[in-house]
Structures are given as structure tokens and as C-alpha cells.
>>> print(open('input16.txt').read())   # compact mmCIF, C-alpha atoms
# COMPACT_ATOMS: atom_id res chain seq x y z
CA ASP A 258 -16.53 -11.85 1.39
CA VAL A 259 -15.51 -8.49 -0.09
CA PHE A 260 -14.14 -5.63 2.02
CA TYR A 261 -14.22 -2.12 0.53
CA GLY A 262 -14.36 1.56 1.44
CA SER A 263 -17.31 3.77 0.53
CA GLY A 264 -17.38 7.41 1.60
CA ASP A 265 -17.40 7.53 5.41
CA SER A 266 -17.85 3.78 5.76
CA ALA A 267 -15.99 0.52 5.37
CA VAL A 268 -18.24 -2.31 4.24
CA ILE A 269 -18.05 -6.10 4.32
CA PHE A 270 -20.25 -7.77 1.69
CA SER A 271 -20.94 -11.49 2.09
CA PHE A 272 -21.67 -13.59 -0.99
CA ASN A 273 -23.09 -16.35 1.21
CA ASN A 274 -26.21 -14.39 2.16
CA SER A 275 -25.88 -11.37 -0.17
CA GLN A 276 -25.81 -9.02 2.81
CA GLN A 277 -23.45 -6.24 3.76
CA HIS A 278 -22.26 -5.21 7.19
CA LEU A 279 -21.41 -1.58 7.89
CA HIS A 280 -18.05 -2.08 9.53
CA PHE A 281 -17.17 1.54 10.19
CA ASP A 282 -19.39 4.60 10.12
CA ASN A 283 -18.12 8.03 11.10
CA LYS A 284 -19.66 11.14 9.62
CA THR A 285 -16.58 13.24 10.41
CA ALA A 286 -14.05 11.20 8.39
CA ILE A 287 -13.69 9.78 4.90
CA VAL A 288 -12.18 6.36 4.17
CA GLN A 289 -9.20 7.15 1.92
CA ALA A 290 -7.43 3.77 1.72
CA ILE A 291 -7.86 0.24 3.03
CA ALA A 292 -5.72 -2.90 3.23
CA LEU A 293 -6.79 -6.41 4.15
CA ALA A 294 -4.36 -8.71 5.97
CA PRO A 295 -3.68 -12.10 4.32
CA ASN A 296 -5.02 -13.87 7.42
CA GLN A 297 -8.34 -12.10 6.65
CA ARG A 298 -8.75 -11.10 10.29
CA TYR A 299 -7.33 -7.57 10.31
CA ALA A 300 -7.91 -4.55 8.12
CA ALA A 301 -6.13 -1.20 8.03
CA ILE A 302 -8.31 1.82 7.34
CA GLU A 303 -7.00 5.32 6.61
CA LEU A 304 -9.41 8.04 7.72
CA HIS A 305 -9.19 11.57 6.33
CA THR A 306 -10.64 14.43 8.37
CA VAL A 307 -11.20 18.08 7.47
CA SER A 308 -12.09 20.49 10.28
CA ALA A 309 -12.48 24.26 10.50
CA LEU A 310 -10.04 25.97 12.87
CA SER A 311 -11.83 29.31 12.83
CA VAL A 312 -14.46 31.19 10.89
CA GLU A 313 -14.35 34.99 10.93
CA PRO A 314 -16.97 37.31 9.44
CA ASP A 315 -16.35 38.12 5.78
CA SER A 316 -13.47 35.63 5.61
CA ASN A 317 -12.93 32.03 4.59
CA ALA A 318 -12.62 29.25 7.14
CA HIS A 319 -9.15 28.02 7.96
CA LEU A 320 -9.25 24.30 7.34
CA GLN A 321 -7.13 21.68 9.04
CA ARG A 322 -6.64 18.39 7.22
CA SER A 323 -5.44 15.25 8.95
CA SER A 324 -5.39 11.52 8.41
CA ARG A 325 -4.92 8.57 10.71
CA VAL A 326 -4.68 4.82 10.25
CA GLN A 327 -6.64 2.36 12.35
CA VAL A 328 -6.40 -1.43 12.47
CA TRP A 329 -9.73 -3.26 12.89
CA ASP A 330 -10.54 -6.83 13.84
CA LEU A 331 -12.97 -8.20 11.23
CA TYR A 332 -13.99 -11.07 13.51
CA THR A 333 -15.21 -8.83 16.34
CA HIS A 334 -15.93 -5.71 14.22
CA GLN A 335 -13.98 -3.65 16.74
CA LYS A 336 -11.11 -1.21 16.39
CA VAL A 337 -7.86 -2.72 17.69
CA VAL A 338 -5.53 0.27 17.59
CA SER A 339 -4.78 3.64 16.02
CA LEU A 340 -1.30 3.48 14.53
CA PRO A 341 1.40 5.96 15.59
CA ASP A 342 1.04 9.26 13.74
CA GLU A 343 4.23 9.01 11.67
CA HIS A 344 2.84 10.23 8.34
CA SER A 345 2.44 13.91 7.52
CA GLY A 346 -0.36 13.60 4.97
CA ASP A 347 -2.72 11.29 3.14
CA LEU A 348 -1.60 7.85 1.97
CA SER A 349 -1.55 6.59 -1.61
CA CYS A 350 -1.51 2.87 -0.74
CA MET A 351 -1.09 0.36 2.08
CA SER A 352 -0.24 -3.34 2.24
CA PHE A 353 0.14 -5.97 4.94
CA SER A 354 3.02 -8.44 4.81
CA SER A 355 2.24 -12.09 4.05
CA ASP A 356 2.37 -13.02 7.75
CA SER A 357 -0.06 -10.15 8.57
CA CYS A 358 2.41 -8.77 11.15
CA MET A 359 3.68 -5.73 9.24
CA LEU A 360 1.99 -2.90 7.37
CA LEU A 361 3.56 -0.69 4.70
CA ALA A 362 2.04 2.76 4.20
CA VAL A 363 3.13 5.06 1.34
CA GLU A 364 2.44 8.79 1.63
CA LYS A 365 0.56 10.67 -1.07
CA ASP A 366 3.06 13.51 -1.29
CA THR A 367 4.19 15.08 -4.56
CA ASP A 368 6.56 12.23 -5.40
CA HIS A 369 5.05 9.33 -3.40
CA HIS A 370 8.57 8.76 -2.04
CA ARG A 371 8.02 8.43 1.72
CA ALA A 372 6.97 5.14 3.29
CA ILE A 373 6.46 3.86 6.84
CA ILE A 374 6.54 0.25 8.04
CA PHE A 375 4.48 -0.59 11.13
CA VAL A 376 4.85 -3.87 13.01
CA SER A 377 2.94 -5.98 15.52
CA TRP A 378 5.34 -8.33 17.30
CA SER A 379 2.47 -10.39 18.71
CA GLY A 380 0.49 -10.50 15.47
CA PHE A 381 -2.64 -9.21 17.24
CA TRP A 382 -1.89 -5.51 16.52
CA VAL A 383 -2.58 -4.28 20.06
CA ASP A 384 1.18 -3.69 20.35
CA ALA A 385 1.56 -1.85 17.03
CA GLU A 386 4.54 0.47 16.61
CA SER A 387 6.50 2.06 13.78
CA LEU A 388 9.44 -0.12 12.73
CA LEU A 389 11.10 1.79 9.88
CA ILE A 390 10.62 5.08 8.06
CA LEU A 391 11.85 5.35 4.47
CA ASP A 392 12.16 9.08 3.82
CA ASN A 393 13.06 8.52 0.16
CA THR A 394 12.23 5.34 -1.75
CA LYS A 395 13.95 6.98 -4.80
CA HIS A 396 10.93 6.26 -7.01
CA LYS A 397 7.31 7.35 -7.29
CA VAL A 398 5.39 4.46 -5.75
CA LEU A 399 2.03 3.70 -7.40
CA PHE A 400 1.21 0.42 -5.64
CA ALA A 401 2.39 -1.80 -2.81
CA THR A 402 1.73 -5.46 -2.13
CA CYS A 403 3.29 -8.50 -0.42
CA VAL A 404 4.86 -11.67 -1.79
CA SER A 405 3.18 -15.04 -1.34
CA ARG A 406 3.48 -16.57 2.11
CA GLY A 407 6.40 -18.97 2.38
CA VAL A 408 8.36 -17.59 -0.60
CA ASP A 409 10.90 -15.50 1.30
CA ALA A 410 10.13 -14.11 4.74
CA SER A 411 12.92 -11.54 4.38
CA ILE A 412 11.01 -9.84 1.53
CA PRO A 413 7.85 -8.51 3.18
CA PHE A 414 6.82 -6.01 0.49
CA VAL A 415 6.96 -5.22 -3.22
CA THR A 416 6.39 -1.73 -4.61
CA GLY A 417 6.06 -0.54 -8.18
CA GLY A 418 5.60 2.69 -10.06
CA GLU A 419 7.62 5.05 -12.21
CA GLU A 420 10.51 3.08 -13.75
CA HIS A 421 10.76 0.59 -10.92
CA LEU A 422 9.64 -2.69 -9.44
CA SER A 423 11.31 -3.08 -6.05
CA PHE A 424 11.52 -6.02 -3.67
CA TRP A 425 12.23 -4.71 -0.16
CA VAL A 426 14.51 -6.93 1.92
CA LEU A 427 14.69 -6.72 5.71
CA ASN A 428 18.18 -6.75 7.23
CA GLY A 429 17.33 -7.86 10.75
CA TYR A 430 14.71 -5.56 12.22
CA ASN A 431 16.32 -2.17 11.93
CA SER A 432 17.11 -1.66 8.25
CA ILE A 433 15.76 -2.50 4.83
CA CYS A 434 17.30 -2.51 1.36
CA GLU A 435 15.96 -2.54 -2.18
CA ARG A 436 16.33 -5.21 -4.84
CA SER A 437 15.23 -4.12 -8.29
CA GLY A 438 13.08 -6.38 -10.44
CA THR A 439 14.50 -6.94 -13.93
CA PHE A 440 13.28 -8.39 -17.21
CA GLU A 441 14.93 -11.74 -17.82
CA GLY A 442 14.34 -14.99 -19.72
CA ASP A 443 10.96 -15.18 -21.47
CA ALA A 444 10.08 -11.62 -20.44
CA MET A 445 13.22 -10.26 -22.10
CA ASN A 446 12.58 -12.32 -25.24
CA TYR A 447 9.03 -10.93 -25.36
CA LEU A 448 10.35 -7.35 -25.18
CA LYS A 449 12.94 -8.03 -27.88
CA ASP A 450 10.20 -9.31 -30.19
CA ARG A 451 8.10 -6.19 -29.58
CA PHE A 452 10.94 -3.70 -29.90
CA LYS A 453 10.99 -1.46 -32.96
CA PRO A 454 13.36 1.55 -32.99
CA THR A 455 11.69 4.97 -32.88
CA MET A 456 12.87 8.50 -32.16
CA GLN A 457 11.54 8.15 -28.59
CA THR A 458 13.02 4.67 -28.05
CA PRO A 459 16.07 4.31 -30.34
CA SER A 460 17.54 1.39 -28.38
CA LEU A 461 16.27 -1.71 -26.58
CA ASP A 462 17.43 -0.25 -23.24
CA SER A 463 15.41 2.92 -23.76
CA PHE A 464 12.38 0.81 -24.75
CA ILE A 465 12.67 -1.29 -21.56
CA GLN A 466 12.93 1.88 -19.47
CA GLN A 467 9.77 3.22 -21.10
CA VAL A 468 7.66 0.13 -20.36
CA GLN A 469 8.87 -0.03 -16.76
CA ARG A 470 6.11 2.24 -15.51
CA VAL A 471 4.62 -0.50 -13.37
CA LEU A 472 1.01 0.21 -12.44
CA CYS A 473 0.00 -2.93 -10.57
CA GLY A 474 1.26 -6.31 -9.49
CA THR A 475 0.42 -9.42 -7.52
CA SER A 476 2.20 -12.49 -6.21
CA PHE A 477 1.20 -16.13 -6.56
CA GLU A 478 3.23 -19.13 -5.42
CA THR A 479 6.85 -18.32 -6.42
CA HIS A 480 5.93 -15.84 -9.18
CA PHE A 481 5.21 -12.14 -9.34
CA VAL A 482 3.09 -10.68 -12.15
CA ALA A 483 3.26 -6.96 -12.93
CA GLY A 484 1.28 -4.76 -15.31
CA THR A 485 3.06 -1.96 -17.17
CA ALA A 486 1.84 1.12 -19.00
>>> encode(input="input16.txt", output="C-alpha cells")
Amino acid sequence: DVFYGSGDSAVIFSFNNSQQHLHFDNKTAIVQAIALAPNQRYAAIELHTVSALSVEPDSNAHLQRSSRVQVWDLYTHQKVVSLPDEHSGDLSCMSFSSDSCMLLAVEKDTDHHRAIIFVSWSGFWVDAESLLILDNTKHKVLFATCVSRGVDASIPFVTGGEEHLSFWVLNGYNSICERSGTFEGDAMNYLKDRFKPTMQTPSLDSFIQQVQRVLCGTSFETHFVAGTA
């Protein structure tokens, strides 16, 4: 099956019978972002709402914008919970951890620096709460994903973006630290073969920094593959 957002709806399309099920339909909100849990049971949906606070004659309406994140059960097609309202604006991306018990949400502010981690201790998301708030990830985050299940449970998320690929490591349950991804081995040899000095990239280090605008990435088995600009 394929799960995707479309306007004010979230849709599940089944390849088995070539039919789609309208999973969420609300004419007052727009689906801004979605994330599917690796266990394929839960989905996080960010809903963006615009409402008019007041309309006066000969004046423009004062608009209030808000967004909220809901977790849905794809087996029952029911909403499980609305997550705590910890974010101040729209989100740029979301990702569940490999065990489907945590959710990373990155805000779509000017720098995409702020991130929130939500957790469900039971795994059923009825007990969802905010675990950690990262007010400054130090980099502009363009995507977030999880590592393959069973690789390292202490690394629930990977983010990438402007000049960074970061593996986030949990220290217990109350703090998190960043490990930077680096080019080594075959990857470094590949970059050395491609490197040609220019005015913009006079050294190999400057060339590596330039290509480290990581736009996307995914994990499989014990490897992580990233795409750069």
C-alpha cells in the first residue's frame, strides 16, 4: 500500500485491489506533512489551519495560522492522539524511529533549526508526550529519517541538510547528542578522483564542504545512503 497526503485528505492506496481509502477528510485543514511508522500501523499527520479572527468593513481579515500533529491507527482508521502543541509553526519534515515509538518533528522556521522528539512509552501512542526539544540543531535540516531496525537503538534519527549529515544519539532518556557523518574509505577516494581545483573550491576540504549539502538519505541494513547537491 501507499500512504500519501493530498490537500485536505490523507489517502491509502492499495495495489492489491487498485482502490484508495480516504483516511482523513477535513475541509478546515490542509495536510502539510506525513510520516509512516516502520511497523506500518501508525501514521503522523500534520494539519495546517487558517482561520479569520475578525473581519471589519473596509479592512482585511486578521488571519490566524496554526498547525497540529495527530497520530492515526492505519488498522482501525481512527485517530489515536493529538500530540502536545510544542511547535510554534509549520513543520518541514517528520520521521518515526525504527521501533515506531518515537517521532521527530522539525519546524519550518527560517533556519529549520528547531526540532521536537515525541515518545510513546507503550508503543501504542495513546500515552504520547514530548521527550526532548532541540532549540538549535546548528544546521538547516532538509530531511529526517531513521536508521534500520537493529543497527543501533541509541541512534533513533538521522538528519541532513546544509553542510551536515547528523546521527542523533540518545543519552538515556533526557538528552541527545550529535555525531557528524563523514566521508571515509571509498567515498573519500571517489571525492578525490572528482576533485579539480577552482576559484570556488581551491582545496579538497572546500570541495567536500560544498558537496555536503545533503538533500535526502535512507538506511538499509548497516548502511546509510545520502544524496548531495
>>> closest_residue(input="input16.txt", among="A:Gln289, A:Asn273, A:Ser355, A:Asn296", to="Gln327 in chain A", atoms="only C-alpha atoms")
A:Gln289
>>> atom_distance(input="input16.txt", atom1="CA of Ala300 in chain A", atom2="CA of Glu419 in chain A")
27.3 Å
>>> closest_residue(input="input16.txt", among="A:Ile390, A:Val259, A:Leu348, A:Ala362", to="Val415 in chain A", atoms="only C-alpha atoms")
A:Ala362
>>> closest_residue(input="input16.txt", among="A:Met359, A:Leu472, A:Val383, A:Leu391", to="Ser411 in chain A", atoms="only C-alpha atoms")
A:Met359
>>> atom_distance(input="input16.txt", atom1="CA of Asn274 in chain A", atom2="CA of Asp258 in chain A")
10.0 Å
>>> atom_distance(input="input16.txt", atom1="CA of Arg371 in chain A", atom2="CA of Ser349 in chain A")
10.3 Å
>>> closest_residue(input="input16.txt", among="A:Trp382, A:Phe477, A:Tyr261, A:Phe414", to="Cys358 in chain A", atoms="all atoms listed in the file")
A:Trp382
>>> closest_residue(input="input16.txt", among="A:Ile433, A:Leu331, A:Val376, A:Val471", to="Leu399 in chain A", atoms="all atoms listed in the file")
A:Val471
>>> residues_near_point(input="input16.txt", point="(14.4, -6.5, 12.6)", cutoff="10 Å", atoms="all atoms listed in the file", output="list in words")
Val376, Leu388, Leu389, Ser411, Leu427, Asn428, Gly429, Tyr430, Asn431, Ser432 and Ile433 of chain A
>>> closest_residue(input="input16.txt", among="A:Val363, A:Ala483, A:Ala301, A:Met351", to="Gln335 in chain A", atoms="all atoms listed in the file")
A:Ala301
>>> residues_around(input="input16.txt", residues="Leu361 in chain A", least_positions_apart="3", cutoff="8 Å", atoms="only C-alpha atoms", output="ChimeraX atom specification")
/A:351-354,372-375,401,414
